[in-house]
Amino acid sequence: MTDQSSGQKKMKLHGLLGEFKDIESILKASAAIRDKGFKKWDTYTPFPVHGIEKAMGIKKSLVPKIVFTCGLIGGIGGLGLQWWTNAVNYPWIVSGKPLFSVPANIPIVFETTVLLAAFGAVFGMIFLNKLPQLYSPLFTSKNFSQGATNDKFFVYIEAQDPKFSPDRTRELLESLNAVTVEEIEEEEHAWSPSLSPKMAWSIGSIVFCLILIPPLYIARAQAKDRTTTRVQLIPDMDQQPRVNAQAASTIFVDGRGMRNYVDGTVPRGGAQTNTGYYTGAENEEWVSNPLPVNRALLERGQNRFDIYCAACHGIDGSGNGPIAIRAKRLREPNWVPPLAMTDSTVLERPDGHLFNTITNGIRNMPAYGDQIHVEDRWAIVAYIRALQKSQHATLQDVPADKREQLREEGQK
Amino acid sequence: MAKRLENDTIDLGSTGASFLKMGAIVGAIGLAIALFGSFTTEMKLERFFLSYLVNFAFFLSLSIGALFFILTQHIGRAGWSVVVRRVSEGFAANVGLMLVLFIGVFLGMGQLYSWTNPEAFANDPILQGKQPYLNTQFFLIRILVYFGVWILLTQYFLRGSAKQDSTKDPKKTERMQMVSAPGIPLTAITVTFASFDLLMSRDPHWFSTIFGVYYFAGSFLGYFSLMAVFFCFLQSKGMLKETVTPDHYHDIGKYMFGFTVFWAYIAFSQFMLIWYGNIPEETVWYIRRFEGGWLNASYFLLIGHFIIPFFILLFREIKRIPAALAAVGVWILAMHWFDLYWIVMPESIKGHVGISWIDIACFIGMGGLYLAGFAFFMGRKSLIPEGDPRLEESLEFKNA
């Protein structure tokens with residue numbers, strides 16, 4: 001900036017540009033410059049010239065090795081990704097194939113191999129060509145910028161080359177039949193020809209702030225409590241068109257969104273051919289509990305009873321649940337008090353009848369068939385029997401080896 | 001340019017005559033040994049015909065690969081390949097010989113194709129549905145149509161190019177380019193159906209629509225390998241020494257590399273869809289190839305036909321050394337032959353691979369006849385198309 005403000009640009013020599021008139025002379029000149037041991041130099045031709053690599057002594061490109069390495073990484077990475085995601089981290093069976101199933105993985109391995117190999121080829125080429133190069137002092141030469149892509153052949157030797165000397169290199173180019181030899185200059189002390197340090201800093205900090213936006217946005221979304229999806233990348237999947245239960249719909253002629261089963265179809269598990277099990281009655285006779293009564297069934301029955309029945313019938317089945325007590329206190333006119341499980345009505349009713357009452361309801365008691373699974377309803381029936389036994393047990397119901405103990409406790 | 005041609009031997013000369021004589025003798029002896037040797041096996045004559053079909057499919061595929069090569073080079077107006085095109089025209093014209101050799105397949109149809117037996121259709125509704133297509137008369141008509149198309153095309157290119165040697169008429173090249181445009185789909189369709197008829201109908205129940213592409217992939221790859229081997233052989237006999245350069249081998253090697261991958265791509269495409277679908281009517285063909293010794297043969301095919309040549313042909317230098325490329329070519333040709341063996345045999349030889357000396361005798365015999373046929377069709381023609389307007393470009397061709 002100081003240079004510019006003072007109005008004086010201090011220039012220094014950047015290199016020497018030699019112009020040649022045809023392929024033959026530039027090939028010859030390149031070979032001579034190569035043999036002199038120059039390192040920092042290049043040729044510029046309007047079209048690819050066969051043999052120029054050899055004449056310039058350019059070594060075999062590194063690109064194939066980069067491509068091979070990238071392809072290998074892509075292939076192994078693609079296979080590893082599928083192995084990790086599908087077989088280890090989140091085992092997921094697809095089409096009945098093994099979790100780690102190589103034939104199914106090959107197409108993706110192929111794609112990732114090709115993808116990374118192609119990246120290696122493109123970016124490797126760009127990198128090795130030192131691209132992107134936004135500025136070159138060569139473009140200050142009018143002859144170069146108009147001729148290099150048109151009909152002129154150039155050799156450029158940089159001043160930084162250890163073999164470079166302004167006079168002898170000029171002599172060399174001239175001795176190789178260069179049509180013209182031009183001095184290319186650049187600004188001295190320029191940190192970068194087109195960017196001042198101050199500008200670079202301000203641009204850099206703006207870019208840095210912009211880069212921070214996505215991670216900050218994600219961090220904010222992570223920290224906030226929300227019930228909806230935080231970021232909707234594909235809104236279709238979050239907000240799908242659907243019909244709510246009981247809602248009307250214009251799709252069907254009868255205007256109802258909910259549909260009955262198609263005539264003649266039965267949903268899975270809906271055949272219910274075992275009428276005794278599903279209704280509690282078979283051939284107009286109540287059935288007894290079809291499930292084997294064991295500790296697990298009774299515990300399940302207790303659990304369901306406490307959830308669904310105890311609110312009215314009471315935890316102990318005495319008919320003193322919190323709702324019954326409250327209704328009594330409020331003297332609800334239409335309230336029919338719930339029966340105690342030990343009531344003789346309940347006591348005498350067969351298992352199937354109790355099951356039917358739970359399923360379809362009775363008097364004030366609503367139907368629970370839609371809420372309690374069939375098996376659980378039978379479990380509740382079994383538990384009711386246990387509750388009844390707890391109030392109406394005789395000594396005969398006590399296991400023989402425990403009777404003595406019970407008698408002793410009673411005498412105390 | 002002219003100087004390089006003058007300093008070079010560009011005709012088969014005495015080699016052609018010895019090809020004719022030795023090829024015919026070796027061919028007769030080899031096929032006779034295979035024929036009579038087959039009686040020592042349990043399968044008797046069927047063993048000979050199976051071996052014959054494998055080798056017939058193998059040498060036919062080389063000629064078809066050569067025909068595809070000519071067609072693609074013409075339609076792409078390729079400059080580099082002019083010096084290697086005449087030999088390709090000779091190998092392609094060998095389909096004429098293959099038509100003669102088809103007599104062997106015709107005689108063995110009863111043993112080779114179960115659908116030739118009327119009883120096969122009796123209690124088989126699937127085969128009954130295929131009967132309008134799978135019957136001997138229609139089969140023979142189709143075979144004649146395929147060979148008709150191939151012979152017309154190959155003779156057109158061989159004679160047209162030979163005529164151009166003396167007339168030097170550049171318009172001929174344009175006409176051949178015009179013909180190659182319809183020639184490609186014609187050849188593609190006939191090769192597809194020929195592979196269905198000759199190879200896929202070995203199991204008349206099984207079907208795979210990609211099968212034709214699979215056979216084509218092997219054919220094209222096989223012919224490039226044959227090119228590498230054959231030009232290396234010609235140069236070792238002092239022919240085309242100045243004309244065919246490492247740069248031409250390099251391009252042939254690139255094709256070999258590309259079509260090694262293409263073959264694997266197609267072979268895997270066929271396998272994976274069937275494996276994934278897991279439908280019995282499709283998997284039956286692969287299950288036969290995964291039973292007993294055939295499982296190892298299938299793995300060997302994967303490794304030998306794809307993985308080994310793939311990594312070897314990655315190296316630039318191997319493609320530029322004729323002897324090295326020819327060695328890879330021999331290997332790929334062997335694998336291509338084994339691929340066809342793997343396609344033909346498991347329907348008849350179950351549970352074990354069972355390659356025998358009959359197969360080798362049959363291969364040598366038919367190979368001898370194939371070389372004799374090549375010499376016959378080449379005659380006194382030059383080994384390079386001297387009148388091609390792009391000959392100079394081909395001679396000066398350099399790989400960057």
# chains A, B, ... in the order shown; residues from 1 in each chain; ligands from 1

call {"tool": "residues_around", "arguments": {"residues": "A:Ser390", "least_positions_apart": "6", "cutoff": "10 Å", "atoms": "only C-alpha atoms", "output": "mmCIF file with all heavy atoms, in the first residue's frame"}}
result
data_model
loop_
_atom_site.group_PDB
_atom_site.id
_atom_site.type_symbol
_atom_site.label_atom_id
_atom_site.label_comp_id
_atom_site.auth_asym_id
_atom_site.auth_seq_id
_atom_site.Cartn_x
_atom_site.Cartn_y
_atom_site.Cartn_z
ATOM 1 N N ASP A 316 -58.010 -54.246 45.419
ATOM 2 C CA ASP A 316 -58.267 -55.563 45.984
ATOM 3 C C ASP A 316 -59.542 -56.192 45.435
ATOM 4 O O ASP A 316 -59.964 -57.245 45.890
ATOM 5 C CB ASP A 316 -58.347 -55.477 47.513
ATOM 6 C CG ASP A 316 -59.429 -54.488 47.951
ATOM 7 O OD1 ASP A 316 -59.998 -53.812 47.049
ATOM 8 O OD2 ASP A 316 -59.698 -54.389 49.143
ATOM 9 N N THR A 342 -65.671 -60.245 44.717
ATOM 10 C CA THR A 342 -66.034 -61.373 45.597
ATOM 11 C C THR A 342 -67.539 -61.520 45.713
ATOM 12 O O THR A 342 -68.024 -62.380 46.440
ATOM 13 C CB THR A 342 -65.420 -61.147 46.970
ATOM 14 O OG1 THR A 342 -65.711 -59.807 47.392
ATOM 15 C CG2 THR A 342 -63.920 -61.338 46.938
ATOM 16 N N ILE A 384 -58.879 -62.412 38.505
ATOM 17 C CA ILE A 384 -60.118 -62.232 39.284
ATOM 18 C C ILE A 384 -60.385 -63.483 40.111
ATOM 19 O O ILE A 384 -60.746 -63.408 41.295
ATOM 20 C CB ILE A 384 -61.306 -61.921 38.337
ATOM 21 C CG1 ILE A 384 -61.142 -60.526 37.732
ATOM 22 C CG2 ILE A 384 -62.639 -62.016 39.082
ATOM 23 C CD1 ILE A 384 -62.111 -60.214 36.610
ATOM 24 N N ASP A 397 -57.717 -75.399 50.110
ATOM 25 C CA ASP A 397 -57.002 -74.694 49.041
ATOM 26 C C ASP A 397 -55.537 -74.458 49.399
ATOM 27 O O ASP A 397 -54.732 -74.120 48.539
ATOM 28 C CB ASP A 397 -57.677 -73.342 48.768
ATOM 29 C CG ASP A 397 -59.085 -73.529 48.221
ATOM 30 O OD1 ASP A 397 -59.286 -74.520 47.476
ATOM 31 O OD2 ASP A 397 -59.965 -72.719 48.541
#

call {"tool": "select_by_dssp", "arguments": {"residues": "stretch 195-385 of chain B", "states": "alpha helix (DSSP H)", "output": "PyMOL selection string"}}
result
chain B and resi 195-198+211-236+246-277+280-289+293-302+308-313+316-320+322-344+357-378

call {"tool": "closest_atom_pairs", "arguments": {"of": "chain B", "to": "chain A", "cutoff": "12 Å", "atoms": "only C-alpha atoms", "output": "JSON lines"}}
result
{"residue": "B:Val261", "atom": "CA", "partner": "A:Phe110", "partner_atom": "CA", "distance": 11.0}
{"residue": "B:Ala264", "atom": "CA", "partner": "A:Phe110", "partner_atom": "CA", "distance": 11.4}
{"residue": "B:Tyr265", "atom": "CA", "partner": "A:Phe110", "partner_atom": "CA", "distance": 9.5}
{"residue": "B:Ile266", "atom": "CA", "partner": "A:Pro107", "partner_atom": "CA", "distance": 11.9}
{"residue": "B:Phe268", "atom": "CA", "partner": "A:Pro103", "partner_atom": "CA", "distance": 8.5}
{"residue": "B:Ser269", "atom": "CA", "partner": "A:Pro107", "partner_atom": "CA", "distance": 9.1}
{"residue": "B:Gln270", "atom": "CA", "partner": "A:Pro103", "partner_atom": "CA", "distance": 11.5}
{"residue": "B:Phe271", "atom": "CA", "partner": "A:Pro103", "partner_atom": "CA", "distance": 8.8}
{"residue": "B:Met272", "atom": "CA", "partner": "A:Pro103", "partner_atom": "CA", "distance": 6.4}
{"residue": "B:Leu273", "atom": "CA", "partner": "A:Ala104", "partner_atom": "CA", "distance": 9.4}
{"residue": "B:Ile274", "atom": "CA", "partner": "A:Pro103", "partner_atom": "CA", "distance": 10.9}
{"residue": "B:Trp275", "atom": "CA", "partner": "A:Pro103", "partner_atom": "CA", "distance": 8.2}
{"residue": "B:Tyr276", "atom": "CA", "partner": "A:Ala104", "partner_atom": "CA", "distance": 7.5}
{"residue": "B:Gly277", "atom": "CA", "partner": "A:Ser95", "partner_atom": "CA", "distance": 8.7}
{"residue": "B:Asn278", "atom": "CA", "partner": "A:Ser95", "partner_atom": "CA", "distance": 9.4}
{"residue": "B:Phe311", "atom": "CA", "partner": "A:Phe68", "partner_atom": "CA", "distance": 10.4}
{"residue": "B:Leu314", "atom": "CA", "partner": "A:Phe68", "partner_atom": "CA", "distance": 9.1}
{"residue": "B:Phe315", "atom": "CA", "partner": "A:Pro64", "partner_atom": "CA", "distance": 9.5}
{"residue": "B:Arg316", "atom": "CA", "partner": "A:Pro64", "partner_atom": "CA", "distance": 9.7}
{"residue": "B:Glu317", "atom": "CA", "partner": "A:Lys60", "partner_atom": "CA", "distance": 11.8}
{"residue": "B:Glu396", "atom": "CA", "partner": "A:His50", "partner_atom": "CA", "distance": 11.1}
{"residue": "B:Phe397", "atom": "CA", "partner": "A:His50", "partner_atom": "CA", "distance": 10.4}
{"residue": "B:Lys398", "atom": "CA", "partner": "A:His50", "partner_atom": "CA", "distance": 8.1}
{"residue": "B:Asn399", "atom": "CA", "partner": "A:His50", "partner_atom": "CA", "distance": 9.2}
{"residue": "B:Ala400", "atom": "CA", "partner": "A:His50", "partner_atom": "CA", "distance": 7.2}

call {"tool": "atom_distance", "arguments": {"atom1": "atom CA of B:Ser219", "atom2": "atom CA of B:Leu62"}}
result
5.6 Å

call {"tool": "residues_around", "arguments": {"residues": "A:Ser288", "least_positions_apart": "3", "cutoff": "7 Å", "atoms": "only C-alpha atoms", "output": "PyMOL selection string"}}
result
chain A and resi 350-352

call {"tool": "write_last_selection", "arguments": {"atoms": "C-alpha atoms", "output": "JSON list (two decimals), in the first residue's frame"}}
result
[["chain", "number", "residue", "atom", "x", "y", "z"],
["A", 350, "PRO", "CA", -68.16, -68.87, 34.42],
["A", 351, "ASP", "CA", -64.79, -67.61, 33.02],
["A", 352, "GLY", "CA", -66.26, -67.07, 29.55]]

call {"tool": "atom_distance", "arguments": {"atom1": "atom CA of B:Ala267", "atom2": "atom CA of B:Ile252"}}
result
21.9 Å

call {"tool": "residues_around", "arguments": {"residues": "B:Asn117", "least_positions_apart": "2", "cutoff": "12 Å", "atoms": "only C-alpha atoms", "output": "PDB file with C-alpha atoms, in the first residue's frame"}}
result
ATOM      1  CA  MET B 109     -26.950 -81.461 -32.022  1.00  0.00           C
ATOM      2  CA  GLY B 110     -28.618 -84.583 -30.614  1.00  0.00           C
ATOM      3  CA  GLN B 111     -26.019 -84.829 -27.855  1.00  0.00           C
ATOM      4  CA  LEU B 112     -25.522 -81.099 -27.311  1.00  0.00           C
ATOM      5  CA  TYR B 113     -29.072 -79.760 -27.172  1.00  0.00           C
ATOM      6  CA  SER B 114     -31.691 -81.583 -25.132  1.00  0.00           C
ATOM      7  CA  TRP B 115     -34.470 -79.725 -26.954  1.00  0.00           C
ATOM      8  CA  GLU B 119     -39.576 -86.379 -25.696  1.00  0.00           C
ATOM      9  CA  ALA B 120     -38.134 -83.387 -23.858  1.00  0.00           C
ATOM     10  CA  PHE B 121     -41.271 -81.443 -24.715  1.00  0.00           C
ATOM     11  CA  ALA B 122     -43.757 -84.106 -23.702  1.00  0.00           C
ATOM     12  CA  LEU B 127     -40.504 -76.063 -23.250  1.00  0.00           C
ATOM     13  CA  GLN B 131     -41.073 -74.938 -29.171  1.00  0.00           C
ATOM     14  CA  LEU B 134     -36.384 -74.026 -30.202  1.00  0.00           C
ATOM     15  CA  ASN B 135     -36.711 -76.529 -33.015  1.00  0.00           C
ATOM     16  CA  THR B 136     -34.117 -77.923 -35.356  1.00  0.00           C
ATOM     17  CA  PRO B 204     -33.400 -74.746 -22.608  1.00  0.00           C
TER      18      PRO B 204
END

call {"tool": "decode", "arguments": {"residues": "stretch 105-243 of chain B", "atoms": "C-alpha atoms", "output": "PDB file, in the first residue's frame"}}
result
ATOM      1  CA  VAL B 105     -21.994 -78.834 -34.181  1.00  0.00           C
ATOM      2  CA  PHE B 106     -24.826 -79.863 -36.510  1.00  0.00           C
ATOM      3  CA  LEU B 107     -23.813 -83.527 -36.296  1.00  0.00           C
ATOM      4  CA  GLY B 108     -23.655 -83.295 -32.511  1.00  0.00           C
ATOM      5  CA  MET B 109     -26.950 -81.461 -32.022  1.00  0.00           C
ATOM      6  CA  GLY B 110     -28.618 -84.583 -30.614  1.00  0.00           C
ATOM      7  CA  GLN B 111     -26.019 -84.829 -27.855  1.00  0.00           C
ATOM      8  CA  LEU B 112     -25.522 -81.099 -27.311  1.00  0.00           C
ATOM      9  CA  TYR B 113     -29.072 -79.760 -27.172  1.00  0.00           C
ATOM     10  CA  SER B 114     -31.691 -81.583 -25.132  1.00  0.00           C
ATOM     11  CA  TRP B 115     -34.470 -79.725 -26.954  1.00  0.00           C
ATOM     12  CA  THR B 116     -33.715 -81.612 -30.178  1.00  0.00           C
ATOM     13  CA  ASN B 117     -35.289 -84.639 -28.510  1.00  0.00           C
ATOM     14  CA  PRO B 118     -39.119 -84.564 -29.006  1.00  0.00           C
ATOM     15  CA  GLU B 119     -39.576 -86.379 -25.696  1.00  0.00           C
ATOM     16  CA  ALA B 120     -38.134 -83.387 -23.858  1.00  0.00           C
ATOM     17  CA  PHE B 121     -41.271 -81.443 -24.715  1.00  0.00           C
ATOM     18  CA  ALA B 122     -43.757 -84.106 -23.702  1.00  0.00           C
ATOM     19  CA  ASN B 123     -44.414 -83.236 -20.069  1.00  0.00           C
ATOM     20  CA  ASP B 124     -42.854 -79.804 -20.048  1.00  0.00           C
ATOM     21  CA  PRO B 125     -45.238 -76.860 -20.537  1.00  0.00           C
ATOM     22  CA  ILE B 126     -42.325 -74.378 -20.385  1.00  0.00           C
ATOM     23  CA  LEU B 127     -40.504 -76.063 -23.250  1.00  0.00           C
ATOM     24  CA  GLN B 128     -43.755 -76.441 -25.165  1.00  0.00           C
ATOM     25  CA  GLY B 129     -44.056 -72.669 -25.007  1.00  0.00           C
ATOM     26  CA  LYS B 130     -40.552 -72.342 -26.469  1.00  0.00           C
ATOM     27  CA  GLN B 131     -41.073 -74.938 -29.171  1.00  0.00           C
ATOM     28  CA  PRO B 132     -41.867 -72.452 -31.957  1.00  0.00           C
ATOM     29  CA  TYR B 133     -38.365 -71.042 -31.424  1.00  0.00           C
ATOM     30  CA  LEU B 134     -36.384 -74.026 -30.202  1.00  0.00           C
ATOM     31  CA  ASN B 135     -36.711 -76.529 -33.015  1.00  0.00           C
ATOM     32  CA  THR B 136     -34.117 -77.923 -35.356  1.00  0.00           C
ATOM     33  CA  GLN B 137     -35.419 -76.368 -38.584  1.00  0.00           C
ATOM     34  CA  PHE B 138     -35.700 -72.829 -37.238  1.00  0.00           C
ATOM     35  CA  PHE B 139     -32.364 -73.235 -35.438  1.00  0.00           C
ATOM     36  CA  LEU B 140     -30.599 -74.102 -38.687  1.00  0.00           C
ATOM     37  CA  ILE B 141     -32.329 -71.276 -40.552  1.00  0.00           C
ATOM     38  CA  ARG B 142     -31.195 -68.803 -37.902  1.00  0.00           C
ATOM     39  CA  ILE B 143     -27.622 -70.100 -37.957  1.00  0.00           C
ATOM     40  CA  LEU B 144     -27.546 -69.639 -41.720  1.00  0.00           C
ATOM     41  CA  VAL B 145     -28.888 -66.091 -41.367  1.00  0.00           C
ATOM     42  CA  TYR B 146     -26.236 -65.208 -38.767  1.00  0.00           C
ATOM     43  CA  PHE B 147     -23.426 -66.591 -40.878  1.00  0.00           C
ATOM     44  CA  GLY B 148     -24.924 -64.946 -43.944  1.00  0.00           C
ATOM     45  CA  VAL B 149     -24.732 -61.529 -42.301  1.00  0.00           C
ATOM     46  CA  TRP B 150     -21.231 -62.125 -40.962  1.00  0.00           C
ATOM     47  CA  ILE B 151     -19.826 -63.515 -44.213  1.00  0.00           C
ATOM     48  CA  LEU B 152     -21.310 -60.677 -46.249  1.00  0.00           C
ATOM     49  CA  LEU B 153     -19.857 -58.050 -43.916  1.00  0.00           C
ATOM     50  CA  THR B 154     -16.438 -59.659 -43.477  1.00  0.00           C
ATOM     51  CA  GLN B 155     -16.007 -60.360 -47.186  1.00  0.00           C
ATOM     52  CA  TYR B 156     -17.079 -56.798 -47.994  1.00  0.00           C
ATOM     53  CA  PHE B 157     -14.445 -55.339 -45.704  1.00  0.00           C
ATOM     54  CA  LEU B 158     -11.657 -57.750 -46.668  1.00  0.00           C
ATOM     55  CA  ARG B 159     -12.180 -57.447 -50.431  1.00  0.00           C
ATOM     56  CA  GLY B 160     -12.926 -53.726 -50.363  1.00  0.00           C
ATOM     57  CA  SER B 161      -9.830 -52.993 -48.370  1.00  0.00           C
ATOM     58  CA  ALA B 162      -7.703 -55.305 -50.564  1.00  0.00           C
ATOM     59  CA  LYS B 163      -8.988 -53.608 -53.697  1.00  0.00           C
ATOM     60  CA  GLN B 164      -8.059 -50.240 -52.225  1.00  0.00           C
ATOM     61  CA  ASP B 165      -4.436 -51.454 -52.022  1.00  0.00           C
ATOM     62  CA  SER B 166      -4.112 -50.981 -55.761  1.00  0.00           C
ATOM     63  CA  THR B 167      -6.722 -48.275 -56.493  1.00  0.00           C
ATOM     64  CA  LYS B 168      -5.751 -46.057 -53.500  1.00  0.00           C
ATOM     65  CA  ASP B 169      -9.278 -44.703 -53.691  1.00  0.00           C
ATOM     66  CA  PRO B 170     -10.067 -42.683 -50.523  1.00  0.00           C
ATOM     67  CA  LYS B 171     -13.802 -42.838 -51.332  1.00  0.00           C
ATOM     68  CA  LYS B 172     -13.685 -46.565 -50.560  1.00  0.00           C
ATOM     69  CA  THR B 173     -12.851 -45.709 -46.962  1.00  0.00           C
ATOM     70  CA  GLU B 174     -15.893 -43.462 -46.747  1.00  0.00           C
ATOM     71  CA  ARG B 175     -18.099 -46.215 -48.173  1.00  0.00           C
ATOM     72  CA  MET B 176     -16.767 -48.715 -45.672  1.00  0.00           C
ATOM     73  CA  GLN B 177     -17.551 -46.234 -42.921  1.00  0.00           C
ATOM     74  CA  MET B 178     -21.106 -45.964 -44.259  1.00  0.00           C
ATOM     75  CA  VAL B 179     -21.508 -49.750 -44.268  1.00  0.00           C
ATOM     76  CA  SER B 180     -20.151 -50.110 -40.743  1.00  0.00           C
ATOM     77  CA  ALA B 181     -23.000 -47.958 -39.367  1.00  0.00           C
ATOM     78  CA  PRO B 182     -25.762 -50.509 -40.067  1.00  0.00           C
ATOM     79  CA  GLY B 183     -23.154 -53.251 -39.677  1.00  0.00           C
ATOM     80  CA  ILE B 184     -22.791 -52.681 -35.941  1.00  0.00           C
ATOM     81  CA  PRO B 185     -26.445 -53.233 -34.931  1.00  0.00           C
ATOM     82  CA  LEU B 186     -26.723 -56.107 -37.438  1.00  0.00           C
ATOM     83  CA  THR B 187     -23.692 -57.849 -35.964  1.00  0.00           C
ATOM     84  CA  ALA B 188     -24.839 -57.063 -32.423  1.00  0.00           C
ATOM     85  CA  ILE B 189     -28.251 -58.669 -32.968  1.00  0.00           C
ATOM     86  CA  THR B 190     -26.909 -61.725 -34.787  1.00  0.00           C
ATOM     87  CA  VAL B 191     -24.160 -62.307 -32.204  1.00  0.00           C
ATOM     88  CA  THR B 192     -26.694 -61.975 -29.378  1.00  0.00           C
ATOM     89  CA  PHE B 193     -29.031 -64.542 -30.858  1.00  0.00           C
ATOM     90  CA  ALA B 194     -26.178 -66.793 -31.957  1.00  0.00           C
ATOM     91  CA  SER B 195     -24.974 -66.941 -28.367  1.00  0.00           C
ATOM     92  CA  PHE B 196     -28.548 -67.680 -27.210  1.00  0.00           C
ATOM     93  CA  ASP B 197     -28.830 -70.500 -29.735  1.00  0.00           C
ATOM     94  CA  LEU B 198     -25.382 -72.055 -29.517  1.00  0.00           C
ATOM     95  CA  LEU B 199     -24.647 -71.660 -25.815  1.00  0.00           C
ATOM     96  CA  MET B 200     -27.640 -70.534 -23.754  1.00  0.00           C
ATOM     97  CA  SER B 201     -29.991 -73.179 -25.172  1.00  0.00           C
ATOM     98  CA  ARG B 202     -27.753 -75.856 -23.652  1.00  0.00           C
ATOM     99  CA  ASP B 203     -30.152 -75.413 -20.740  1.00  0.00           C
ATOM    100  CA  PRO B 204     -33.400 -74.746 -22.608  1.00  0.00           C
ATOM    101  CA  HIS B 205     -35.212 -73.654 -19.456  1.00  0.00           C
ATOM    102  CA  TRP B 206     -32.749 -70.985 -18.464  1.00  0.00           C
ATOM    103  CA  PHE B 207     -32.689 -67.483 -19.890  1.00  0.00           C
ATOM    104  CA  SER B 208     -30.632 -64.360 -19.391  1.00  0.00           C
ATOM    105  CA  THR B 209     -31.118 -61.344 -21.622  1.00  0.00           C
ATOM    106  CA  ILE B 210     -27.595 -60.085 -20.968  1.00  0.00           C
ATOM    107  CA  PHE B 211     -26.065 -63.356 -22.169  1.00  0.00           C
ATOM    108  CA  GLY B 212     -25.385 -62.007 -25.662  1.00  0.00           C
ATOM    109  CA  VAL B 213     -23.474 -59.046 -24.244  1.00  0.00           C
ATOM    110  CA  TYR B 214     -21.510 -61.462 -22.082  1.00  0.00           C
ATOM    111  CA  TYR B 215     -20.444 -63.466 -25.128  1.00  0.00           C
ATOM    112  CA  PHE B 216     -19.647 -60.258 -27.019  1.00  0.00           C
ATOM    113  CA  ALA B 217     -17.520 -58.955 -24.129  1.00  0.00           C
ATOM    114  CA  GLY B 218     -15.455 -62.150 -24.152  1.00  0.00           C
ATOM    115  CA  SER B 219     -15.204 -62.056 -27.968  1.00  0.00           C
ATOM    116  CA  PHE B 220     -13.951 -58.497 -28.152  1.00  0.00           C
ATOM    117  CA  LEU B 221     -11.483 -59.037 -25.313  1.00  0.00           C
ATOM    118  CA  GLY B 222     -10.381 -62.330 -26.864  1.00  0.00           C
ATOM    119  CA  TYR B 223      -9.697 -60.733 -30.224  1.00  0.00           C
ATOM    120  CA  PHE B 224      -7.559 -57.928 -28.749  1.00  0.00           C
ATOM    121  CA  SER B 225      -5.549 -60.560 -26.912  1.00  0.00           C
ATOM    122  CA  LEU B 226      -5.175 -62.532 -30.131  1.00  0.00           C
ATOM    123  CA  MET B 227      -3.967 -59.324 -31.822  1.00  0.00           C
ATOM    124  CA  ALA B 228      -1.256 -58.800 -29.215  1.00  0.00           C
ATOM    125  CA  VAL B 229      -0.145 -62.421 -29.540  1.00  0.00           C
ATOM    126  CA  PHE B 230      -0.344 -62.586 -33.325  1.00  0.00           C
ATOM    127  CA  PHE B 231       1.502 -59.355 -34.087  1.00  0.00           C
ATOM    128  CA  CYS B 232       4.209 -60.344 -31.636  1.00  0.00           C
ATOM    129  CA  PHE B 233       4.440 -63.660 -33.498  1.00  0.00           C
ATOM    130  CA  LEU B 234       4.537 -61.977 -36.923  1.00  0.00           C
ATOM    131  CA  GLN B 235       7.275 -59.622 -35.779  1.00  0.00           C
ATOM    132  CA  SER B 236       9.298 -62.510 -34.381  1.00  0.00           C
ATOM    133  CA  LYS B 237       9.107 -63.979 -37.917  1.00  0.00           C
ATOM    134  CA  GLY B 238      10.452 -60.716 -39.299  1.00  0.00           C
ATOM    135  CA  MET B 239       7.203 -59.257 -40.572  1.00  0.00           C
ATOM    136  CA  LEU B 240       5.846 -55.732 -39.925  1.00  0.00           C
ATOM    137  CA  LYS B 241       8.885 -54.989 -37.762  1.00  0.00           C
ATOM    138  CA  GLU B 242       9.018 -51.326 -38.779  1.00  0.00           C
ATOM    139  CA  THR B 243       5.311 -50.857 -39.168  1.00  0.00           C
TER     140      THR B 243
END
